[in-house]
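Novice: For reference, the file query.txt (compact mmCIF, C-alpha atoms and all ligand atoms) is included below:
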```
# COMPACT_ATOMS: atom_id res chain seq x y z
CA MET C 1215 0.00 0.00 0.00
CA THR C 1216 1.43 3.41 -0.97
CA THR C 1217 1.10 6.37 1.33
CA GLN C 1218 -0.48 9.46 -0.21
CA VAL C 1219 1.91 12.43 -0.23
CA PRO C 1220 0.18 15.34 1.54
CA LEU C 1221 -0.35 18.48 -0.52
CA VAL C 1222 0.56 21.86 0.95
CA VAL C 1223 -1.06 24.73 -0.92
CA ILE C 1224 0.63 28.10 -0.47
CA VAL C 1225 -1.14 31.24 -1.65
CA GLY C 1226 1.25 34.13 -2.34
CA GLY C 1227 4.64 34.39 -3.99
CA GLY C 1228 5.90 37.43 -2.08
CA PHE C 1229 8.31 37.32 0.86
CA GLY C 1230 6.53 34.63 2.86
CA GLY C 1231 5.23 32.14 0.26
CA PRO C 1232 8.49 31.10 -1.44
CA ALA C 1233 10.27 31.06 1.95
CA ALA C 1234 7.65 28.61 3.25
CA ALA C 1235 7.99 26.49 0.09
CA LYS C 1236 11.77 26.37 0.47
CA GLY C 1237 11.39 25.38 4.10
CA LEU C 1238 9.42 22.35 2.94
CA LYS C 1239 12.04 21.30 0.41
CA ARG C 1240 13.02 18.14 2.28
CA SER C 1241 9.63 17.35 3.78
CA PHE C 1242 7.44 14.45 2.71
CA VAL C 1243 4.92 16.76 1.02
CA ASN C 1244 4.07 18.13 -2.37
CA VAL C 1245 3.81 21.90 -2.54
CA LEU C 1246 1.64 23.98 -4.85
CA LEU C 1247 2.31 27.72 -4.75
CA ILE C 1248 -0.41 29.91 -6.27
CA ASP C 1249 -0.02 33.61 -7.07
CA ARG C 1250 -2.11 35.94 -9.19
CA SER C 1251 1.06 37.36 -10.62
CA ASN C 1252 3.87 35.37 -12.26
CA HIS C 1253 6.59 37.36 -10.51
CA HIS C 1254 7.85 37.97 -7.01
CA VAL C 1255 8.35 41.67 -6.20
CA PHE C 1256 10.99 42.96 -3.83
CA GLN C 1257 8.74 45.61 -2.30
CA PRO C 1258 11.41 47.54 -0.36
CA LEU C 1259 12.78 48.81 -3.68
CA LEU C 1260 9.45 49.82 -5.21
CA TYR C 1261 10.24 53.45 -4.43
CA GLN C 1262 13.29 53.23 -6.70
CA VAL C 1263 11.06 52.13 -9.60
CA ALA C 1264 8.64 54.94 -8.73
CA THR C 1265 11.49 57.44 -9.08
CA SER C 1266 13.05 55.94 -12.24
CA VAL C 1267 16.22 54.78 -10.48
CA LEU C 1268 15.55 51.13 -11.25
CA ALA C 1269 13.62 49.41 -14.04
CA PRO C 1270 10.71 47.17 -12.96
CA GLY C 1271 12.59 44.03 -14.06
CA GLN C 1272 15.40 44.80 -11.62
CA ILE C 1273 13.22 44.23 -8.58
CA ALA C 1274 11.08 41.37 -9.87
CA SER C 1275 11.89 37.75 -10.51
CA ALA C 1276 9.81 34.92 -11.93
CA ILE C 1277 8.26 32.83 -9.15
CA ARG C 1278 8.76 29.71 -11.27
CA GLY C 1279 12.44 30.57 -11.53
CA LEU C 1280 12.78 30.91 -7.74
CA LEU C 1281 11.41 27.42 -7.22
CA ALA C 1282 12.53 25.70 -10.42
CA GLU C 1283 15.14 23.54 -8.66
CA GLN C 1284 12.70 22.30 -6.05
CA LYS C 1285 11.35 18.94 -7.19
CA ASN C 1286 8.39 18.70 -4.79
CA THR C 1287 7.03 22.15 -5.72
CA SER C 1288 4.93 23.42 -8.58
CA VAL C 1289 3.63 26.89 -9.30
CA MET C 1290 0.25 28.05 -10.58
CA LEU C 1291 -0.76 31.46 -11.90
CA GLY C 1292 -4.21 32.27 -10.59
CA ASN C 1293 -6.27 34.53 -8.39
CA VAL C 1294 -7.50 32.81 -5.24
CA THR C 1295 -11.05 33.96 -4.61
CA GLY C 1296 -12.00 31.82 -1.65
CA VAL C 1297 -11.22 29.05 0.78
CA ASP C 1298 -13.59 26.32 1.92
CA ALA C 1299 -12.02 25.27 5.20
CA VAL C 1300 -14.61 22.55 5.81
CA SER C 1301 -13.96 20.64 2.59
CA ARG C 1302 -10.29 21.82 2.57
CA GLN C 1303 -10.39 23.43 -0.84
CA VAL C 1304 -9.09 26.68 -2.28
CA ILE C 1305 -11.05 28.30 -5.08
CA VAL C 1306 -8.90 29.72 -7.83
CA ASP C 1307 -9.45 31.64 -11.04
CA PRO C 1308 -6.54 30.64 -13.26
CA ASN C 1309 -6.13 32.13 -16.73
CA ASP C 1310 -9.21 31.01 -18.60
CA LYS C 1311 -11.06 29.06 -15.92
CA CYS C 1312 -13.30 30.26 -13.16
CA GLY C 1313 -13.91 28.71 -9.74
CA LEU C 1314 -11.38 25.86 -10.00
CA LYS C 1315 -11.35 23.92 -6.72
CA ILE C 1316 -8.07 22.53 -5.43
CA SER C 1317 -8.07 20.19 -2.45
CA TYR C 1318 -5.31 20.63 0.11
CA ASP C 1319 -4.06 18.86 3.19
CA TYR C 1320 -2.37 21.96 4.58
CA LEU C 1321 -2.91 25.58 3.58
CA ILE C 1322 -0.56 28.54 3.99
CA LEU C 1323 -1.99 31.97 3.23
CA ALA C 1324 0.79 34.47 2.53
CA THR C 1325 -1.16 37.06 0.58
CA GLY C 1326 0.46 40.15 2.12
CA ALA C 1327 -1.35 43.33 3.02
CA ASN C 1328 -3.22 46.10 1.26
CA HIS C 1329 -2.46 49.74 1.87
CA SER C 1330 -4.93 51.53 4.10
CA TYR C 1331 -6.23 55.08 4.23
CA PHE C 1332 -7.55 54.58 7.75
CA GLY C 1333 -11.16 55.22 6.84
CA HIS C 1334 -10.41 57.85 4.19
CA ASP C 1335 -10.58 55.86 0.97
CA GLU C 1336 -11.23 59.13 -0.90
CA PHE C 1337 -7.50 59.89 -0.43
CA GLY C 1338 -6.79 57.07 -2.88
CA ALA C 1339 -7.54 59.25 -5.91
CA PHE C 1340 -4.68 61.60 -4.93
CA ALA C 1341 -2.33 59.25 -3.12
CA PRO C 1342 -2.24 55.84 -4.77
CA GLY C 1343 -0.64 52.96 -2.87
CA LEU C 1344 2.83 51.58 -3.46
CA LYS C 1345 2.53 47.81 -3.18
CA SER C 1346 2.95 46.46 -6.70
CA LEU C 1347 5.01 47.10 -9.81
CA ALA C 1348 1.89 48.57 -11.45
CA ASP C 1349 1.59 51.05 -8.53
CA ALA C 1350 5.28 52.00 -8.85
CA GLU C 1351 5.05 52.49 -12.62
CA ALA C 1352 1.89 54.61 -12.25
CA LEU C 1353 3.64 56.79 -9.64
CA ARG C 1354 6.76 57.11 -11.82
CA ASN C 1355 4.63 58.18 -14.81
CA HIS C 1356 2.79 60.70 -12.66
CA ILE C 1357 6.02 62.24 -11.32
CA LEU C 1358 7.48 62.49 -14.83
CA GLU C 1359 4.23 63.99 -16.09
CA VAL C 1360 4.20 66.79 -13.48
CA PHE C 1361 7.79 67.69 -14.39
CA GLU C 1362 6.69 67.88 -18.04
CA LYS C 1363 3.72 70.08 -17.11
CA ALA C 1364 5.93 72.33 -14.97
CA GLU C 1365 8.35 72.73 -17.89
CA ILE C 1366 5.70 74.49 -20.00
CA GLU C 1367 3.87 76.29 -17.18
CA ASP C 1368 4.25 80.10 -17.31
CA ASP C 1369 2.50 80.89 -14.03
CA PRO C 1370 5.19 80.63 -11.29
CA GLU C 1371 2.67 79.76 -8.57
CA ARG C 1372 1.12 76.98 -10.60
CA ARG C 1373 4.60 75.72 -11.52
CA GLN C 1374 5.64 75.63 -7.87
CA ALA C 1375 2.46 73.75 -7.02
CA LEU C 1376 3.27 71.17 -9.68
CA LEU C 1377 6.71 70.72 -8.16
CA THR C 1378 5.53 70.34 -4.58
CA PHE C 1379 5.34 66.81 -3.25
CA VAL C 1380 3.52 65.99 -0.04
CA MET C 1381 4.55 62.85 1.79
CA VAL C 1382 2.27 61.77 4.61
CA GLY C 1383 4.18 59.31 6.73
CA ALA C 1384 7.79 59.68 7.69
CA GLY C 1385 8.65 56.02 8.06
CA PRO C 1386 11.32 54.44 5.87
CA THR C 1387 9.24 54.59 2.67
CA GLY C 1388 8.23 58.26 3.10
CA VAL C 1389 11.79 59.35 3.81
CA GLU C 1390 13.27 57.17 1.05
CA ILE C 1391 10.86 58.40 -1.59
CA ALA C 1392 11.37 62.06 -0.59
CA SER C 1393 15.12 61.59 -0.94
CA ALA C 1394 14.76 59.75 -4.24
CA ILE C 1395 12.57 62.50 -5.77
CA ALA C 1396 15.09 65.07 -4.53
CA VAL C 1397 17.93 63.18 -6.22
CA MET C 1398 15.81 62.87 -9.38
CA ALA C 1399 15.19 66.63 -9.39
CA ARG C 1400 18.84 67.35 -8.80
CA THR C 1401 20.25 65.04 -11.47
CA THR C 1402 18.04 64.01 -14.40
CA MET C 1403 15.61 66.89 -14.17
CA ARG C 1404 18.24 69.58 -13.80
CA ARG C 1405 20.16 68.19 -16.74
CA ASP C 1406 17.25 67.49 -19.11
CA PHE C 1407 14.74 70.21 -18.23
CA ARG C 1408 14.89 73.97 -18.55
CA ILE C 1409 13.01 74.72 -15.31
CA ARG C 1410 15.35 76.22 -12.74
CA ARG C 1411 15.25 76.78 -9.00
CA PRO C 1412 13.20 76.60 -6.89
CA LEU C 1413 12.99 73.05 -8.09
CA THR C 1414 11.05 70.95 -5.68
CA SER C 1415 9.44 71.36 -2.29
CA PHE C 1416 8.59 68.60 0.09
CA LEU C 1417 6.10 68.59 2.87
CA LEU C 1418 6.91 65.56 4.95
CA MET C 1419 4.32 64.96 7.64
CA TRP C 1420 4.43 62.75 10.66
CA GLU C 1421 2.62 62.71 13.95
CA CYS C 1422 5.17 62.32 16.72
CA ALA C 1423 8.08 64.42 17.83
CA HIS C 1424 10.72 62.25 16.19
CA LEU C 1425 10.68 60.16 13.03
CA PRO C 1426 9.69 56.59 13.78
CA HIS C 1427 12.29 53.92 12.87
CA PHE C 1428 15.12 56.46 12.78
CA PRO C 1429 17.62 57.56 15.41
CA ARG C 1430 16.41 60.63 17.21
CA ARG C 1431 17.55 63.76 15.42
CA SER C 1432 16.02 67.18 15.48
CA PRO C 1433 13.74 68.34 12.64
CA ARG C 1434 16.46 70.88 11.83
CA GLN C 1435 19.04 68.11 11.35
CA ARG C 1436 16.62 66.10 9.19
CA ARG C 1437 15.68 69.15 7.13
CA GLY C 1438 19.38 69.60 6.56
CA GLY C 1439 19.58 66.04 5.27
CA LEU C 1440 17.15 66.64 2.45
CA GLN C 1441 18.35 70.16 1.75
CA SER C 1442 21.81 68.79 1.16
CA LEU C 1443 20.27 66.90 -1.75
CA GLY C 1444 19.61 70.24 -3.40
CA SER C 1445 15.90 70.64 -2.71
CA MET C 1446 13.92 72.88 -0.46
CA SER C 1447 12.16 70.81 2.13
CA VAL C 1448 9.66 71.74 4.82
CA TRP C 1449 8.97 69.39 7.67
CA VAL C 1450 5.64 69.67 9.39
CA SER C 1451 5.13 67.89 12.67
CA LEU C 1452 1.56 66.89 13.42
CA ARG C 1453 2.29 66.37 17.09
CA LYS C 1454 -0.94 66.02 19.04
C1 LIG O 1501 7.16 50.34 -0.35
C2 LIG O 1501 7.51 49.24 0.65
C3 LIG O 1501 8.76 49.26 1.29
C4 LIG O 1501 9.08 48.25 2.20
N1 LIG O 1501 10.31 48.27 2.80
C5 LIG O 1501 10.65 47.27 3.65
C6 LIG O 1501 11.95 47.22 4.25
O1 LIG O 1501 12.80 48.09 4.00
N2 LIG O 1501 12.24 46.19 5.10
C7 LIG O 1501 11.32 45.21 5.37
O2 LIG O 1501 11.64 44.29 6.14
N3 LIG O 1501 10.08 45.24 4.83
C8 LIG O 1501 9.73 46.24 3.98
N4 LIG O 1501 8.48 46.26 3.44
C9 LIG O 1501 7.50 45.27 3.87
C10 LIG O 1501 7.70 43.93 3.16
O3 LIG O 1501 7.86 44.11 1.78
C11 LIG O 1501 6.47 43.10 3.47
O4 LIG O 1501 6.42 42.92 4.88
C12 LIG O 1501 6.54 41.75 2.80
O5 LIG O 1501 6.55 41.88 1.40
C13 LIG O 1501 5.34 40.92 3.23
O6 LIG O 1501 5.51 39.64 2.70
P1 LIG O 1501 4.26 38.72 2.40
O7 LIG O 1501 4.79 37.45 1.83
O8 LIG O 1501 3.40 38.67 3.60
O9 LIG O 1501 3.40 39.51 1.29
P2 LIG O 1501 3.84 40.09 -0.11
O10 LIG O 1501 5.30 40.16 -0.28
O11 LIG O 1501 3.01 41.32 -0.30
O12 LIG O 1501 3.31 38.98 -1.13
C14 LIG O 1501 1.94 38.69 -1.26
C15 LIG O 1501 1.76 37.89 -2.55
O13 LIG O 1501 0.45 37.36 -2.55
C16 LIG O 1501 -0.11 37.50 -3.84
N5 LIG O 1501 -1.57 37.52 -3.66
C17 LIG O 1501 -2.27 38.40 -2.91
N6 LIG O 1501 -3.58 38.09 -2.97
C18 LIG O 1501 -3.69 37.01 -3.78
C19 LIG O 1501 -4.81 36.23 -4.24
N7 LIG O 1501 -6.06 36.51 -3.86
N8 LIG O 1501 -4.57 35.21 -5.09
C20 LIG O 1501 -3.29 34.90 -5.49
N9 LIG O 1501 -2.21 35.61 -5.08
C21 LIG O 1501 -2.41 36.64 -4.23
C22 LIG O 1501 0.46 38.80 -4.38
O14 LIG O 1501 0.44 38.83 -5.79
C23 LIG O 1501 1.90 38.75 -3.81
O15 LIG O 1501 2.80 38.15 -4.71
C24 LIG O 1501 8.13 47.24 2.51
C25 LIG O 1501 6.87 47.24 1.87
C26 LIG O 1501 6.57 48.23 0.95
C27 LIG O 1501 5.22 48.19 0.25
```
What do you get writing this file as structure tokens?
Specialist:
Amino acid sequence: MTTQVPLVVIVGGGFGGPAAAKGLKRSFVNVLLIDRSNHHVFQPLLYQVATSVLAPGQIASAIRGLLAEQKNTSVMLGNVTGVDAVSRQVIVDPNDKCGLKISYDYLILATGANHSYFGHDEFGAFAPGLKSLADAEALRNHILEVFEKAEIEDDPERRQALLTFVMVGAGPTGVEIASAIAVMARTTMRRDFRIRRPLTSFLLMWECAHLPHFPRRSPRQRRGGLQSLGSMSVWVSLRK
């Protein structure tokens, strides 16, 4: 009598999913990893794509490629729309099928997180999220577009408005993206565009006295950090 090899279904090919699959490399299981996208994205560098420093392909790799060497693992492209925990099935929409049911013995959900506007979804129209390559490319196109608009804008006030970027959130991503836009303005834009100083303004907003995740430094010191990149920056503290 042969023993059935248990099937572990993993949903998500981001940070967690492939790591879980690799951890099961030597286990007596078969692994099926499902993701709605065919590539893994290294999210910490999305801001570099959004500011044209890196091309999308430089921070993405094929999920199949990551797991190609692993004999007990296969990969499926599909959007998981539901889980039936009672009958132990995941419901997937692969390419041209709808509602495909896949039975599992063990299920790992590693589908990541969505960005949140904390009850203000209307902000989304002005401040899109930065979670996927599509988000990063949309942001990059928008930044390039406002530089183009500023280039042909005669009204100085309107031009300054076009070149003012507001970052809400001074965690690593907010600070990194502010710095990256400043570098972009200082290098590419200064070289390729005719618009001259004042180039860009930043309003970086956060809600406690010091920037979270960073060593304590005064707002003056931090302002100095961005100003040294050649841009005017204003730091607004929303301390309660
Ligand atoms: C801009 C940015 C900067 C960051 N910087 C850092 C940093 O410097 N250091 C750090 O440690 N962390 C950083 N993070 C956080 C880190 O990237 C996340 O914690 C990590 O990616 C979470 O891993 P995960 O596997 O849970 O989800 P993810 O990596 O988000 O992967 C989720 C996967 O699930 C797939 N998926 C989702 N829903 C479905 C579905 N219904 N069907 C099929 N597939 C689905 C998605 O396509 C995706 O591939 C950053 C995140 C962002 C957005």
Novice: Find the distance between atom CA of Asn1286 of chain C and atom CA of Asn1244 of chain C and write it in Å to one decimal.
Specialist: 5.0 Å
Novice: So which residues are near ligand LIG 1501 (chain O), meaning at most 9 Å away with all atoms listed in the file counted, given back as a PDB file with C-alpha atoms, in the coordinates of the input?
Specialist:
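Written output follows (selection24.pdb):
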```pdb
ATOM      1  CA  VAL C1225      -1.140  31.240  -1.650  1.00  0.00           C
ATOM      2  CA  GLY C1226       1.250  34.130  -2.340  1.00  0.00           C
ATOM      3  CA  GLY C1227       4.640  34.390  -3.990  1.00  0.00           C
ATOM      4  CA  GLY C1228       5.900  37.430  -2.080  1.00  0.00           C
ATOM      5  CA  PHE C1229       8.310  37.320   0.860  1.00  0.00           C
ATOM      6  CA  GLY C1230       6.530  34.630   2.860  1.00  0.00           C
ATOM      7  CA  GLY C1231       5.230  32.140   0.260  1.00  0.00           C
ATOM      8  CA  PRO C1232       8.490  31.100  -1.440  1.00  0.00           C
ATOM      9  CA  ALA C1233      10.270  31.060   1.950  1.00  0.00           C
ATOM     10  CA  ILE C1248      -0.410  29.910  -6.270  1.00  0.00           C
ATOM     11  CA  ASP C1249      -0.020  33.610  -7.070  1.00  0.00           C
ATOM     12  CA  ARG C1250      -2.110  35.940  -9.190  1.00  0.00           C
ATOM     13  CA  SER C1251       1.060  37.360 -10.620  1.00  0.00           C
ATOM     14  CA  ASN C1252       3.870  35.370 -12.260  1.00  0.00           C
ATOM     15  CA  HIS C1253       6.590  37.360 -10.510  1.00  0.00           C
ATOM     16  CA  HIS C1254       7.850  37.970  -7.010  1.00  0.00           C
ATOM     17  CA  VAL C1255       8.350  41.670  -6.200  1.00  0.00           C
ATOM     18  CA  PHE C1256      10.990  42.960  -3.830  1.00  0.00           C
ATOM     19  CA  GLN C1257       8.740  45.610  -2.300  1.00  0.00           C
ATOM     20  CA  PRO C1258      11.410  47.540  -0.360  1.00  0.00           C
ATOM     21  CA  LEU C1259      12.780  48.810  -3.680  1.00  0.00           C
ATOM     22  CA  LEU C1260       9.450  49.820  -5.210  1.00  0.00           C
ATOM     23  CA  TYR C1261      10.240  53.450  -4.430  1.00  0.00           C
ATOM     24  CA  ILE C1277       8.260  32.830  -9.150  1.00  0.00           C
ATOM     25  CA  LEU C1291      -0.760  31.460 -11.900  1.00  0.00           C
ATOM     26  CA  GLY C1292      -4.210  32.270 -10.590  1.00  0.00           C
ATOM     27  CA  ASN C1293      -6.270  34.530  -8.390  1.00  0.00           C
ATOM     28  CA  VAL C1294      -7.500  32.810  -5.240  1.00  0.00           C
ATOM     29  CA  THR C1295     -11.050  33.960  -4.610  1.00  0.00           C
ATOM     30  CA  GLY C1296     -12.000  31.820  -1.650  1.00  0.00           C
ATOM     31  CA  VAL C1306      -8.900  29.720  -7.830  1.00  0.00           C
ATOM     32  CA  ASP C1307      -9.450  31.640 -11.040  1.00  0.00           C
ATOM     33  CA  LEU C1323      -1.990  31.970   3.230  1.00  0.00           C
ATOM     34  CA  ALA C1324       0.790  34.470   2.530  1.00  0.00           C
ATOM     35  CA  THR C1325      -1.160  37.060   0.580  1.00  0.00           C
ATOM     36  CA  GLY C1326       0.460  40.150   2.120  1.00  0.00           C
ATOM     37  CA  ALA C1327      -1.350  43.330   3.020  1.00  0.00           C
ATOM     38  CA  ASN C1328      -3.220  46.100   1.260  1.00  0.00           C
ATOM     39  CA  HIS C1329      -2.460  49.740   1.870  1.00  0.00           C
ATOM     40  CA  GLY C1343      -0.640  52.960  -2.870  1.00  0.00           C
ATOM     41  CA  LEU C1344       2.830  51.580  -3.460  1.00  0.00           C
ATOM     42  CA  LYS C1345       2.530  47.810  -3.180  1.00  0.00           C
ATOM     43  CA  SER C1346       2.950  46.460  -6.700  1.00  0.00           C
ATOM     44  CA  ALA C1350       5.280  52.000  -8.850  1.00  0.00           C
ATOM     45  CA  PRO C1386      11.320  54.440   5.870  1.00  0.00           C
ATOM     46  CA  THR C1387       9.240  54.590   2.670  1.00  0.00           C
ATOM     47  CA  GLY C1388       8.230  58.260   3.100  1.00  0.00           C
ATOM     48  CA  ILE C1391      10.860  58.400  -1.590  1.00  0.00           C
TER      49      ILE C1391
END
```
Novice: Counting all atoms listed in the file, which residue out of C:Leu1281, C:Leu1246, C:Ala1264, C:Val1222 sits closest to Ala1394 of chain C?
Specialist: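 Result for the nearest residue to Ala1394 of chain C: C:Ala1264.
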Novice: Can you measure atom CA of Phe1407 of chain C to atom CA of Leu1377 of chain C for me? One decimal in Å is fine.
Specialist: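 Separation between atom CA of Phe1407 of chain C and atom CA of Leu1377 of chain C: 12.9 Å.
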Novice: Out of C:Asp1298, C:Met1398, C:Ala1269, C:Ala1341, which residue has the shortest atom-to-atom distance to Leu1353 of chain C when counting all atoms listed in the file?
Specialist: C:Ala1341
Novice: To one decimal place, how far is atom CA of Glu1351 of chain C from atom CA of Val1263 of chain C in Å?
Specialist: 6.7 Å
Novice: Dump as a list in words all residues having an atom at most 10 Å from (13.5, 24.2, 0.4), computed in the file's coordinates with all atoms listed in the file.
Specialist: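 Protein and nucleic acid residues near the point are Pro1232, Ala1233, Ala1234, Ala1235, Lys1236, Gly1237, Leu1238, Lys1239, Arg1240, Ser1241, Leu1281, Glu1283, Gln1284, Lys1285, Asn1286 and Thr1287 of chain C.
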Novice: All heavy atoms are what I want for segment 1255-1264 of chain C; can you complete it accordingly and write them as a PDB file, in the frame of the given file?
Specialist:
```pdb
ATOM      1  N   VAL C1255       7.875  40.273  -6.214  1.00  0.00           N
ATOM      2  CA  VAL C1255       8.350  41.670  -6.200  1.00  0.00           C
ATOM      3  C   VAL C1255       9.090  41.951  -4.901  1.00  0.00           C
ATOM      4  O   VAL C1255       8.598  41.626  -3.821  1.00  0.00           O
ATOM      5  CB  VAL C1255       7.163  42.655  -6.338  1.00  0.00           C
ATOM      6  CG1 VAL C1255       7.639  44.092  -6.214  1.00  0.00           C
ATOM      7  CG2 VAL C1255       6.444  42.445  -7.645  1.00  0.00           C
ATOM      8  N   PHE C1256      10.254  42.552  -5.017  1.00  0.00           N
ATOM      9  CA  PHE C1256      10.990  42.960  -3.830  1.00  0.00           C
ATOM     10  C   PHE C1256      10.486  44.356  -3.440  1.00  0.00           C
ATOM     11  O   PHE C1256      10.991  45.385  -3.896  1.00  0.00           O
ATOM     12  CB  PHE C1256      12.503  42.967  -4.120  1.00  0.00           C
ATOM     13  CG  PHE C1256      13.329  43.182  -2.884  1.00  0.00           C
ATOM     14  CD1 PHE C1256      13.460  42.175  -1.933  1.00  0.00           C
ATOM     15  CD2 PHE C1256      13.967  44.390  -2.646  1.00  0.00           C
ATOM     16  CE1 PHE C1256      14.199  42.374  -0.773  1.00  0.00           C
ATOM     17  CE2 PHE C1256      14.720  44.600  -1.494  1.00  0.00           C
ATOM     18  CZ  PHE C1256      14.831  43.587  -0.555  1.00  0.00           C
ATOM     19  N   GLN C1257       9.450  44.359  -2.599  1.00  0.00           N
ATOM     20  CA  GLN C1257       8.740  45.610  -2.300  1.00  0.00           C
ATOM     21  C   GLN C1257       9.602  46.731  -1.724  1.00  0.00           C
ATOM     22  O   GLN C1257       9.345  47.909  -2.007  1.00  0.00           O
ATOM     23  CB  GLN C1257       7.551  45.326  -1.378  1.00  0.00           C
ATOM     24  CG  GLN C1257       6.448  44.546  -2.056  1.00  0.00           C
ATOM     25  CD  GLN C1257       5.280  44.249  -1.121  1.00  0.00           C
ATOM     26  OE1 GLN C1257       5.222  44.714   0.012  1.00  0.00           O
ATOM     27  NE2 GLN C1257       4.341  43.466  -1.612  1.00  0.00           N
ATOM     28  N   PRO C1258      10.627  46.424  -0.901  1.00  0.00           N
ATOM     29  CA  PRO C1258      11.410  47.540  -0.360  1.00  0.00           C
ATOM     30  C   PRO C1258      12.046  48.437  -1.423  1.00  0.00           C
ATOM     31  O   PRO C1258      12.411  49.574  -1.122  1.00  0.00           O
ATOM     32  CB  PRO C1258      12.474  46.822   0.491  1.00  0.00           C
ATOM     33  CG  PRO C1258      11.794  45.574   0.949  1.00  0.00           C
ATOM     34  CD  PRO C1258      10.943  45.158  -0.234  1.00  0.00           C
ATOM     35  N   LEU C1259      12.183  47.946  -2.652  1.00  0.00           N
ATOM     36  CA  LEU C1259      12.780  48.810  -3.680  1.00  0.00           C
ATOM     37  C   LEU C1259      11.752  49.393  -4.655  1.00  0.00           C
ATOM     38  O   LEU C1259      12.125  49.983  -5.673  1.00  0.00           O
ATOM     39  CB  LEU C1259      13.861  48.031  -4.459  1.00  0.00           C
ATOM     40  CG  LEU C1259      15.146  47.752  -3.660  1.00  0.00           C
ATOM     41  CD1 LEU C1259      16.149  46.988  -4.501  1.00  0.00           C
ATOM     42  CD2 LEU C1259      15.778  49.051  -3.151  1.00  0.00           C
ATOM     43  N   LEU C1260      10.471  49.257  -4.329  1.00  0.00           N
ATOM     44  CA  LEU C1260       9.450  49.820  -5.210  1.00  0.00           C
ATOM     45  C   LEU C1260       9.639  51.323  -5.415  1.00  0.00           C
ATOM     46  O   LEU C1260       9.397  51.869  -6.479  1.00  0.00           O
ATOM     47  CB  LEU C1260       8.047  49.562  -4.627  1.00  0.00           C
ATOM     48  CG  LEU C1260       7.428  48.198  -4.917  1.00  0.00           C
ATOM     49  CD1 LEU C1260       6.138  48.028  -4.131  1.00  0.00           C
ATOM     50  CD2 LEU C1260       7.161  48.002  -6.405  1.00  0.00           C
ATOM     51  N   TYR C1261      10.084  51.989  -4.321  1.00  0.00           N
ATOM     52  CA  TYR C1261      10.240  53.450  -4.430  1.00  0.00           C
ATOM     53  C   TYR C1261      11.295  53.826  -5.474  1.00  0.00           C
ATOM     54  O   TYR C1261      11.235  54.888  -6.086  1.00  0.00           O
ATOM     55  CB  TYR C1261      10.555  54.065  -3.054  1.00  0.00           C
ATOM     56  CG  TYR C1261      12.003  53.960  -2.649  1.00  0.00           C
ATOM     57  CD1 TYR C1261      12.875  55.021  -2.881  1.00  0.00           C
ATOM     58  CD2 TYR C1261      12.507  52.809  -2.062  1.00  0.00           C
ATOM     59  CE1 TYR C1261      14.213  54.932  -2.523  1.00  0.00           C
ATOM     60  CE2 TYR C1261      13.830  52.709  -1.703  1.00  0.00           C
ATOM     61  CZ  TYR C1261      14.685  53.762  -1.939  1.00  0.00           C
ATOM     62  OH  TYR C1261      16.008  53.674  -1.605  1.00  0.00           O
ATOM     63  N   GLN C1262      12.261  52.936  -5.702  1.00  0.00           N
ATOM     64  CA  GLN C1262      13.290  53.230  -6.700  1.00  0.00           C
ATOM     65  C   GLN C1262      12.725  53.106  -8.117  1.00  0.00           C
ATOM     66  O   GLN C1262      13.166  53.796  -9.022  1.00  0.00           O
ATOM     67  CB  GLN C1262      14.480  52.287  -6.519  1.00  0.00           C
ATOM     68  CG  GLN C1262      15.156  52.474  -5.174  1.00  0.00           C
ATOM     69  CD  GLN C1262      16.663  52.554  -5.283  1.00  0.00           C
ATOM     70  OE1 GLN C1262      17.228  52.551  -6.363  1.00  0.00           O
ATOM     71  NE2 GLN C1262      17.328  52.633  -4.158  1.00  0.00           N
ATOM     72  N   VAL C1263      11.748  52.218  -8.299  1.00  0.00           N
ATOM     73  CA  VAL C1263      11.060  52.130  -9.600  1.00  0.00           C
ATOM     74  C   VAL C1263      10.187  53.372  -9.769  1.00  0.00           C
ATOM     75  O   VAL C1263      10.134  53.975 -10.844  1.00  0.00           O
ATOM     76  CB  VAL C1263      10.217  50.839  -9.702  1.00  0.00           C
ATOM     77  CG1 VAL C1263       9.372  50.831 -10.971  1.00  0.00           C
ATOM     78  CG2 VAL C1263      11.128  49.607  -9.659  1.00  0.00           C
ATOM     79  N   ALA C1264       9.521  53.775  -8.678  1.00  0.00           N
ATOM     80  CA  ALA C1264       8.640  54.940  -8.730  1.00  0.00           C
ATOM     81  C   ALA C1264       9.401  56.223  -9.052  1.00  0.00           C
ATOM     82  O   ALA C1264       8.814  57.207  -9.490  1.00  0.00           O
ATOM     83  CB  ALA C1264       7.885  55.092  -7.412  1.00  0.00           C
TER      84      ALA C1264
END
```
